[in-house]
Amino acid sequence: MLSMHNISKVFRTDLVQTHALRDFSLEVAAGEFVAVTGPSGSGKTTFLNIAGLLENFDGGSYRLDGVDVAGLSDSALARLRNEKIGFIFQSFNLIPDLNLFDNVDVPLRYRGFSAAERKQRIEEALEKVGLGARMKHLPSQLSGGQQQRAAIARALAGSPRFLLADEPTGNLDSLMARQVMELLEQLHEEGTTIVMVTHDAELARRAPRNIHVLDGAVSDLHVVGTPSLRAATV
Amino acid sequence: MFAYYLRLSLASLRRHPALSALMVLAIAIGIGVCMTTLTVHTLMSSDPIPWKSDKLFAVRLDSWGPDRPWEEPNEPPPELNWRDATALMASDIPPRHAAMFKSMFTVQNEDPGFAPYMVEARITHKDFFALFDTPFLHGGGWGDSADKNLEQVVVLGKVANDKLFGGENSVGRTIRLDEREFKVVGVLADWQPVPKFYDVNNGNFDAAEDIYLPWGTAQPFQLRTAGNTNGWKPENIDSFDAFLNSESVWIQFWAELPDTETKARYQAFLDAYVGEQKKLGRFPRPLNNRLSDVNQFMSERHVVGDDNRVLVGLSFLFLAVCLINMVGLLLAKFLGKAPELALRRALGASQWQIVQLNLVEVGLVGLLGGVLGLGLAYGGLEAVKTLYASNDGNDVRLYALNLPLALQAMAIALAASLLAGLYPALKVGRLAPAGLLKTQ
């Protein structure tokens with residue numbers, strides 16, 4: 001699903017160069033749930049941005065679902081992002097003056113679905129995260145946990161094969177964090193590939209596979225269980 | 001997607017009403033000032049008779065004095081004297097031609113209780129009406145004999161017919177001009193060429209005269225011109241006949257020349273006429289006879305002054321200043337919503353789609369500014385009319401917005417706002433989304 005080889009990324013200013021990623025290599029198979037941990041400044045977010053096609057890289061190669069992303073045009077990258085990837089952000093990133101229906105509608109608009117298909121997908125996605133009755137609510141009328149579930153609905157509505165979650169429970173209390181984590185686990189069980197960046201070691205342990213990033217490289221690899229093994233234990 | 005972008009743009013404008021109002025106001029003020037000057041300029045410089053302006057020619061003979069031209073660098077006078085006008089009317093080269101001048105009368109209808117009033121009239125030849133395609137409501141012009149012999153007939157303009165006869169068909173009725181009775185043979189529909197091209201020496205933008213008399217009335221009734229009279233040498237003018245025989249110029253002369261061959265023949269005729277007159281001691285200047293079509297004549301006679309063009313230029317500079325302000329406001333607005341735009345990028349929008357979204361919002365601001373600008377232009381034109389319109393109100397048509405100008409204003413507002421919005425839209429569209437998502 002995700003195949004990075006020797007990815008490097010350098011941020012340059014007039015005075016300094018910062019190597020955010022060095023020879024970063026990672027393979028994530030379809031259906032895996034991978035937690036990425038590491039201290040601040042280790043390169044987790046840079047990895048996530050490159051994985052999500054939000055940032056380009058200086059060296060190495062990256063194939064997403066078999067597509068070599070190097071050299072793709074902006075519109076091709078946007079289309080790939082729209083069709084393959086669902087994003088879940090720490091701060092939810094819902095548009096404040098759009099209701100939940102319209103928020104979930106955003107990626108579908110860029111996909112070019114018909115109005116009827118968009119409506120069906122939005123309603124199904126919001127029902128799936130338990131917000132079917134709140135479609136006309138504004139984000140400010142919801143709790144933090146509900147907002148994150150709405151953001152997950154938005155990520156799911158386009159049926160992406162790959163979910164990228166950046167600290168998805170970072171702004172939630174423990175009860176809501178558990179609910180969101182259970183939702184992610186459910187999606188994983190349904191076959192979605194998930195890469196989740198987190199600071200929370202306990203949360204990371206719930207993912208079948210952990211990787212640790214330090215100084216821009218994968219420093220440790222710990223497999224809790226393969227998707228098939230985990231499925232067998234449930 | 002356009003409807004979607006439009007809905008988002010409306011929501012975006014509502015989200016920051018003060019900033020949105022400032023942007024709309026910036027474009028509206030610029031458009032308002034531009035349209036005020038442009039309206040006056042457009043009407044001043046419009047072709048008053050576009051369907052045949054290239055076939056109508058002002059006839060000018062250089063009868064001026066030997067020392068200097070009528071106007072530098074070598075312009076002949078714009079009008080003719082009586083002798084030359086009468087002589088040119090003898091030509092059968094132009095299919096239509098007419099000499100003309102402006103006069104004034106007191107006018108009264110058949111009712112002795114009717115209060116007489118002053119009216120501007122035009123003394124001219126029968127071809128005047130066909131030459132300029134004047135529309136008739138009732139009746140028609142006079143016959144050839146009325147130009148050669150005294151026939152007391154008139155054609156009324158619409159305003160005069162409304163005042164004198166309540167708008168009824170007055171053909172066959174009688175009016176009194178300075179105590180002389182004239183029979184109405186025709187009534188014109190509303191006819192107001194702007195500029196009044198056939199007589200730019202006596203009020204470029206005045207209304208057309210309201211009463212028309214045949215040329216044959218001028219000499220028997222000793223009708224004086226109410227327009228400008230110019231001469232280049234001292235002459236002893238102690239009678240009407242002396243005036244008619246003088247070198248003073250005061251008569252406008254127009255000819256219809258349908259093709260270049262006719263024009264060339266007529267030019268040769270004019271030159272031959274002046275050549276003959278030179279033998280009699282007249283026309284001391286080198287041969288300089290002119291046939292200028294309507295638009296050439298407007299240009300040569302400086303109907304639209306340079307100061308007016310400068311004013312239009314300055315108003316567009318002012319619009320540019322407004323647009324530069326708008327660029328700053330748009331940058332602030334778009335950068336303010338950059339995190340939302342970054343989110344849209346993350347969710348699948350391309351850079352170009354973000355630019356499109358921003359341009360739709362800018363276009364909306366432009367159209368709102370255009371509508372408000374039209375309101376300001378209307379106010380501006382009213383103010384200009386109050387300050388500068390002539391006391392007789394003859395030139396009020398110059399200060400009126402019309403549909404084509406209003407559409408032009410909207411097009412300018414839209415184009416100007418898109419121009420102003422292009423840089424902010426591109427700049428924000430190209431921002432890397434990764435760094436902005438955390439700040440959402």
# chains A, B, ... in the order shown; residues from 1 in each chain; ligands from 1
>>> residues_around(residues="A:Lys44", least_positions_apart="2", cutoff="9 Å", atoms="only C-alpha atoms", output="ChimeraX atom specification")
/A:20-21,36-42,46-49,197-198,212-214,216
>>> write_last_selection(atoms="N, CA and C atoms", output="compact mmCIF listing (two decimals), in the first residue's frame")
# COMPACT_ATOMS: atom_id res chain seq x y z
N ALA A 20 15.01 16.59 8.12
CA ALA A 20 13.81 16.08 8.79
C ALA A 20 13.70 14.57 8.62
N LEU A 21 14.02 14.05 7.44
CA LEU A 21 14.04 12.60 7.22
C LEU A 21 15.35 12.24 6.51
N VAL A 36 2.79 5.17 14.60
CA VAL A 36 4.11 5.79 14.48
C VAL A 36 4.33 6.67 15.70
N THR A 37 5.35 6.38 16.43
CA THR A 37 5.66 7.17 17.63
C THR A 37 7.05 7.78 17.48
N GLY A 38 7.33 8.68 18.39
CA GLY A 38 8.65 9.32 18.37
C GLY A 38 8.55 10.66 19.07
N PRO A 39 9.69 11.15 19.53
CA PRO A 39 9.67 12.43 20.24
C PRO A 39 9.38 13.59 19.28
N SER A 40 9.06 14.73 19.87
CA SER A 40 8.84 15.92 19.04
C SER A 40 10.09 16.22 18.22
N GLY A 41 9.88 16.58 16.97
CA GLY A 41 11.02 16.92 16.12
C GLY A 41 11.70 15.71 15.52
N SER A 42 11.15 14.53 15.73
CA SER A 42 11.81 13.32 15.22
C SER A 42 11.55 13.11 13.73
N THR A 46 6.59 15.14 9.34
CA THR A 46 7.12 15.22 7.97
C THR A 46 6.82 13.94 7.21
N PHE A 47 7.02 12.81 7.89
CA PHE A 47 6.68 11.53 7.27
C PHE A 47 5.21 11.50 6.87
N LEU A 48 4.35 11.95 7.81
CA LEU A 48 2.91 11.91 7.53
C LEU A 48 2.54 12.83 6.36
N ASN A 49 3.16 14.00 6.32
CA ASN A 49 2.87 14.94 5.23
C ASN A 49 3.32 14.38 3.88
N VAL A 197 -0.08 8.55 13.68
CA VAL A 197 1.01 9.15 14.44
C VAL A 197 0.48 9.49 15.82
N THR A 198 1.20 9.12 16.86
CA THR A 198 0.73 9.42 18.21
C THR A 198 1.90 9.57 19.16
N HIS A 212 8.98 3.29 15.47
CA HIS A 212 9.48 4.43 16.24
C HIS A 212 10.39 5.25 15.33
N VAL A 213 10.16 6.52 15.31
CA VAL A 213 10.96 7.40 14.46
C VAL A 213 11.85 8.25 15.36
N LEU A 214 13.12 8.29 15.00
CA LEU A 214 14.07 9.09 15.77
C LEU A 214 15.05 9.72 14.79
N GLY A 216 14.66 11.40 12.21
CA GLY A 216 14.31 11.30 10.80
C GLY A 216 14.45 9.93 10.20
>>> select_by_dssp(residues="stretch 184-410 of chain B", states="helix (DSSP H, G or I)", output="ChimeraX atom specification")
/B:197-202,215-217,240-244,260-279,294-300,306-336,338-346,351-388,396-399,403-410
>>> interface_residues(of="chain B", to="chain A", cutoff="10 Å", atoms="only C-alpha atoms", output="MDAnalysis selection string")
chainID B and resid 1 4 8 11:12 15 339:353 432:435 437:440
>>> closest_residue(among="A:Leu100, A:Met1, A:Leu187, A:Ala125", to="A:Gln147", atoms="only C-alpha atoms")
A:Leu100
>>> closest_residue(among="A:Ala133, A:Met4, A:Val104, A:Ala207", to="A:Gly66", atoms="only C-alpha atoms")
A:Met4
>>> closest_residue(among="B:Leu244, B:Leu257, B:Ala383, B:Val194", to="B:Thr42", atoms="only C-alpha atoms")
B:Val194
>>> residues_around(residues="A:Glu123", least_positions_apart="5", cutoff="9 Å", atoms="only C-alpha atoms", output="short mmCIF file (atom, residue, chain, number, x, y, z; two decimals) with all heavy atoms, in the first residue's frame")
data_model
loop_
_atom_site.label_atom_id
_atom_site.label_comp_id
_atom_site.auth_asym_id
_atom_site.auth_seq_id
_atom_site.Cartn_x
_atom_site.Cartn_y
_atom_site.Cartn_z
N PHE A 101 -22.95 17.94 7.38
CA PHE A 101 -23.23 17.43 6.03
C PHE A 101 -22.27 18.08 5.03
O PHE A 101 -21.64 17.39 4.23
CB PHE A 101 -24.69 17.74 5.67
CG PHE A 101 -25.12 17.14 4.36
CD1 PHE A 101 -25.82 15.94 4.33
CD2 PHE A 101 -24.85 17.78 3.16
CE1 PHE A 101 -26.23 15.38 3.12
CE2 PHE A 101 -25.25 17.23 1.95
CZ PHE A 101 -25.94 16.03 1.93
N ARG A 118 -23.38 11.79 -3.59
CA ARG A 118 -22.75 12.48 -2.46
C ARG A 118 -23.64 12.39 -1.23
O ARG A 118 -23.17 12.10 -0.13
CB ARG A 118 -22.51 13.96 -2.81
CG ARG A 118 -21.41 14.20 -3.82
CD ARG A 118 -20.86 15.63 -3.75
NE ARG A 118 -21.88 16.63 -3.57
CZ ARG A 118 -22.53 17.24 -4.55
NH1 ARG A 118 -22.26 16.92 -5.81
NH2 ARG A 118 -23.44 18.14 -4.30
N LYS A 128 -22.41 5.90 10.20
CA LYS A 128 -21.38 4.95 10.64
C LYS A 128 -20.66 5.42 11.91
O LYS A 128 -20.30 4.62 12.77
CB LYS A 128 -20.36 4.77 9.51
CG LYS A 128 -19.35 3.66 9.74
CD LYS A 128 -18.42 3.58 8.53
CE LYS A 128 -17.51 2.38 8.62
NZ LYS A 128 -18.16 1.13 8.30
N LEU A 131 -23.38 9.84 13.99
CA LEU A 131 -23.80 11.26 13.95
C LEU A 131 -24.89 11.48 12.90
O LEU A 131 -25.06 12.60 12.42
CB LEU A 131 -22.59 12.15 13.65
CG LEU A 131 -21.53 12.22 14.75
CD1 LEU A 131 -20.30 12.98 14.25
CD2 LEU A 131 -22.08 12.90 16.00
N GLY A 132 -25.63 10.44 12.60
CA GLY A 132 -26.65 10.55 11.57
C GLY A 132 -27.72 11.58 11.90
O GLY A 132 -28.30 12.19 11.00
N MET A 135 -26.59 15.90 11.26
CA MET A 135 -26.04 16.37 9.99
C MET A 135 -26.10 17.88 9.83
O MET A 135 -25.25 18.47 9.18
CB MET A 135 -26.80 15.73 8.83
CG MET A 135 -26.51 14.28 8.67
SD MET A 135 -27.34 13.68 7.20
CE MET A 135 -27.45 11.96 7.60
N ALA A 157 -15.88 9.05 3.83
CA ALA A 157 -16.98 9.19 2.86
C ALA A 157 -16.55 8.86 1.43
O ALA A 157 -17.34 8.34 0.64
CB ALA A 157 -17.54 10.62 2.91
#
>>> residues_around(residues="stretch 320-329 of chain B", least_positions_apart="5", cutoff="7 Å", atoms="only C-alpha atoms", output="ChimeraX atom specification")
/B:23,26-27,30,420-421,424
>>> write_last_selection(atoms="all heavy atoms", output="short mmCIF file (atom, residue, chain, number, x, y, z; two decimals), in the first residue's frame")
data_model
loop_
_atom_site.label_atom_id
_atom_site.label_comp_id
_atom_site.auth_asym_id
_atom_site.auth_seq_id
_atom_site.Cartn_x
_atom_site.Cartn_y
_atom_site.Cartn_z
N MET B 23 -13.87 45.94 0.84
CA MET B 23 -13.47 45.56 -0.52
C MET B 23 -14.50 46.03 -1.55
O MET B 23 -14.16 46.57 -2.60
CB MET B 23 -13.28 44.04 -0.62
CG MET B 23 -12.07 43.56 0.13
SD MET B 23 -11.69 41.84 -0.22
CE MET B 23 -13.12 41.03 0.43
N ALA B 26 -14.21 49.70 -1.96
CA ALA B 26 -13.02 50.10 -2.73
C ALA B 26 -13.31 50.04 -4.22
O ALA B 26 -13.01 50.99 -4.96
CB ALA B 26 -11.83 49.21 -2.37
N ILE B 27 -13.88 48.94 -4.65
CA ILE B 27 -14.15 48.81 -6.09
C ILE B 27 -15.30 49.73 -6.49
O ILE B 27 -15.30 50.31 -7.58
CB ILE B 27 -14.44 47.34 -6.47
CG1 ILE B 27 -14.40 47.13 -7.98
CG2 ILE B 27 -15.75 46.82 -5.98
CD1 ILE B 27 -13.09 46.67 -8.45
N GLY B 30 -14.07 53.33 -7.00
CA GLY B 30 -13.31 53.41 -8.25
C GLY B 30 -14.22 53.37 -9.46
O GLY B 30 -14.09 54.17 -10.39
N ALA B 420 -7.32 42.45 -9.86
CA ALA B 420 -6.79 42.71 -8.51
C ALA B 420 -6.68 41.42 -7.71
O ALA B 420 -5.79 41.27 -6.87
CB ALA B 420 -7.70 43.71 -7.79
N GLY B 421 -7.60 40.49 -7.97
CA GLY B 421 -7.63 39.26 -7.16
C GLY B 421 -6.70 38.18 -7.64
O GLY B 421 -6.48 37.19 -6.92
N PRO B 424 -3.43 37.74 -5.23
CA PRO B 424 -3.74 37.08 -3.95
C PRO B 424 -4.24 35.65 -4.15
O PRO B 424 -3.87 34.75 -3.39
CB PRO B 424 -4.83 37.98 -3.35
CG PRO B 424 -4.68 39.28 -4.01
CD PRO B 424 -4.18 39.01 -5.38
#
>>> closest_residue(among="B:Gly32, B:Pro286, B:Pro220, B:Pro404", to="B:Asn74", atoms="only C-alpha atoms")
B:Pro286
>>> residues_around(residues="B:Asn109", least_positions_apart="3", cutoff="10 Å", atoms="only C-alpha atoms", output="short mmCIF file (atom, residue, chain, number, x, y, z; two decimals) with all heavy atoms, in the first residue's frame")
data_model
loop_
_atom_site.label_atom_id
_atom_site.label_comp_id
_atom_site.auth_asym_id
_atom_site.auth_seq_id
_atom_site.Cartn_x
_atom_site.Cartn_y
_atom_site.Cartn_z
N PRO B 112 -55.28 83.02 -29.10
CA PRO B 112 -54.77 84.34 -28.69
C PRO B 112 -54.38 84.39 -27.22
O PRO B 112 -53.58 85.22 -26.79
CB PRO B 112 -55.94 85.29 -28.96
CG PRO B 112 -56.95 84.52 -29.72
CD PRO B 112 -56.67 83.06 -29.58
N GLY B 113 -54.95 83.47 -26.43
CA GLY B 113 -54.63 83.46 -25.00
C GLY B 113 -53.33 82.73 -24.68
O GLY B 113 -52.88 82.73 -23.53
N PHE B 114 -52.74 82.10 -25.69
CA PHE B 114 -51.51 81.32 -25.47
C PHE B 114 -50.33 82.27 -25.24
O PHE B 114 -50.12 83.21 -26.01
CB PHE B 114 -51.24 80.43 -26.69
CG PHE B 114 -50.04 79.54 -26.55
CD1 PHE B 114 -50.17 78.27 -25.99
CD2 PHE B 114 -48.78 79.96 -26.98
CE1 PHE B 114 -49.05 77.45 -25.88
CE2 PHE B 114 -47.67 79.13 -26.86
CZ PHE B 114 -47.81 77.88 -26.31
N ALA B 115 -49.57 82.02 -24.17
CA ALA B 115 -48.43 82.91 -23.87
C ALA B 115 -47.27 82.57 -24.80
O ALA B 115 -46.77 81.45 -24.81
CB ALA B 115 -48.00 82.70 -22.42
N PRO B 116 -46.82 83.53 -25.62
CA PRO B 116 -45.71 83.25 -26.52
C PRO B 116 -44.41 82.98 -25.76
O PRO B 116 -44.24 83.45 -24.64
CB PRO B 116 -45.59 84.53 -27.36
CG PRO B 116 -46.30 85.58 -26.59
CD PRO B 116 -47.30 84.92 -25.71
N ASN B 161 -44.37 70.86 -30.80
CA ASN B 161 -45.72 70.38 -31.11
C ASN B 161 -46.48 70.05 -29.83
O ASN B 161 -47.69 70.30 -29.72
CB ASN B 161 -45.63 69.14 -32.01
CG ASN B 161 -46.98 68.75 -32.57
OD1 ASN B 161 -47.64 69.57 -33.21
ND2 ASN B 161 -47.41 67.53 -32.29
N LYS B 163 -45.98 71.49 -26.90
CA LYS B 163 -46.30 72.73 -26.21
C LYS B 163 -47.41 73.50 -26.93
O LYS B 163 -48.31 74.05 -26.31
CB LYS B 163 -45.06 73.63 -26.14
CG LYS B 163 -44.08 73.26 -25.04
CD LYS B 163 -42.98 74.32 -25.00
CE LYS B 163 -41.95 73.96 -23.95
NZ LYS B 163 -40.82 74.90 -23.97
N LEU B 164 -47.30 73.54 -28.25
CA LEU B 164 -48.22 74.40 -29.02
C LEU B 164 -49.56 73.73 -29.30
O LEU B 164 -50.60 74.38 -29.35
CB LEU B 164 -47.57 74.82 -30.34
CG LEU B 164 -46.33 75.71 -30.22
CD1 LEU B 164 -45.58 75.76 -31.54
CD2 LEU B 164 -46.74 77.12 -29.78
N PHE B 165 -49.51 72.40 -29.48
CA PHE B 165 -50.74 71.71 -29.90
C PHE B 165 -51.06 70.49 -29.04
O PHE B 165 -51.83 69.62 -29.45
CB PHE B 165 -50.62 71.29 -31.37
CG PHE B 165 -50.48 72.46 -32.29
CD1 PHE B 165 -49.27 72.76 -32.89
CD2 PHE B 165 -51.57 73.30 -32.55
CE1 PHE B 165 -49.13 73.85 -33.74
CE2 PHE B 165 -51.44 74.39 -33.40
CZ PHE B 165 -50.22 74.67 -34.00
N ARG B 173 -52.21 73.10 -39.38
CA ARG B 173 -52.52 74.17 -38.41
C ARG B 173 -51.52 75.32 -38.60
O ARG B 173 -50.56 75.22 -39.38
CB ARG B 173 -52.43 73.65 -36.97
CG ARG B 173 -53.24 72.37 -36.70
CD ARG B 173 -54.66 72.67 -36.27
NE ARG B 173 -54.74 73.35 -35.01
CZ ARG B 173 -54.87 72.74 -33.82
NH1 ARG B 173 -54.89 71.41 -33.75
NH2 ARG B 173 -55.01 73.44 -32.72
N THR B 174 -51.73 76.39 -37.87
CA THR B 174 -50.92 77.60 -38.06
C THR B 174 -50.23 77.99 -36.76
O THR B 174 -50.81 77.87 -35.67
CB THR B 174 -51.84 78.77 -38.50
OG1 THR B 174 -52.50 78.36 -39.71
CG2 THR B 174 -51.04 80.04 -38.77
N ILE B 175 -48.99 78.46 -36.87
CA ILE B 175 -48.32 79.07 -35.72
C ILE B 175 -47.86 80.46 -36.12
O ILE B 175 -47.80 80.80 -37.31
CB ILE B 175 -47.10 78.24 -35.24
CG1 ILE B 175 -46.02 78.17 -36.34
CG2 ILE B 175 -47.51 76.86 -34.79
CD1 ILE B 175 -44.69 77.67 -35.83
N ARG B 176 -47.54 81.28 -35.13
CA ARG B 176 -47.01 82.62 -35.39
C ARG B 176 -45.57 82.68 -34.90
O ARG B 176 -45.27 82.32 -33.76
CB ARG B 176 -47.85 83.68 -34.66
CG ARG B 176 -49.27 83.77 -35.18
CD ARG B 176 -50.07 84.82 -34.41
NE ARG B 176 -49.64 86.18 -34.72
CZ ARG B 176 -50.00 86.86 -35.82
NH1 ARG B 176 -50.80 86.28 -36.71
NH2 ARG B 176 -49.57 88.08 -36.01
N LEU B 177 -44.69 83.11 -35.81
CA LEU B 177 -43.29 83.32 -35.45
C LEU B 177 -43.00 84.80 -35.65
O LEU B 177 -43.07 85.30 -36.79
CB LEU B 177 -42.36 82.49 -36.34
CG LEU B 177 -42.46 80.97 -36.21
CD1 LEU B 177 -41.61 80.28 -37.28
CD2 LEU B 177 -42.02 80.52 -34.83
N GLU B 181 -47.36 84.46 -39.76
CA GLU B 181 -48.03 83.16 -39.70
C GLU B 181 -47.34 82.14 -40.59
O GLU B 181 -46.92 82.45 -41.72
CB GLU B 181 -49.49 83.31 -40.12
CG GLU B 181 -50.32 84.03 -39.09
CD GLU B 181 -51.81 83.87 -39.32
OE1 GLU B 181 -52.19 83.39 -40.41
OE2 GLU B 181 -52.58 84.22 -38.40
N PHE B 182 -47.22 80.92 -40.06
CA PHE B 182 -46.62 79.82 -40.83
C PHE B 182 -47.52 78.59 -40.69
O PHE B 182 -48.06 78.33 -39.61
CB PHE B 182 -45.22 79.46 -40.29
CG PHE B 182 -44.17 80.51 -40.59
CD1 PHE B 182 -44.07 81.66 -39.81
CD2 PHE B 182 -43.29 80.33 -41.63
CE1 PHE B 182 -43.11 82.61 -40.07
CE2 PHE B 182 -42.31 81.29 -41.91
CZ PHE B 182 -42.22 82.44 -41.13
#
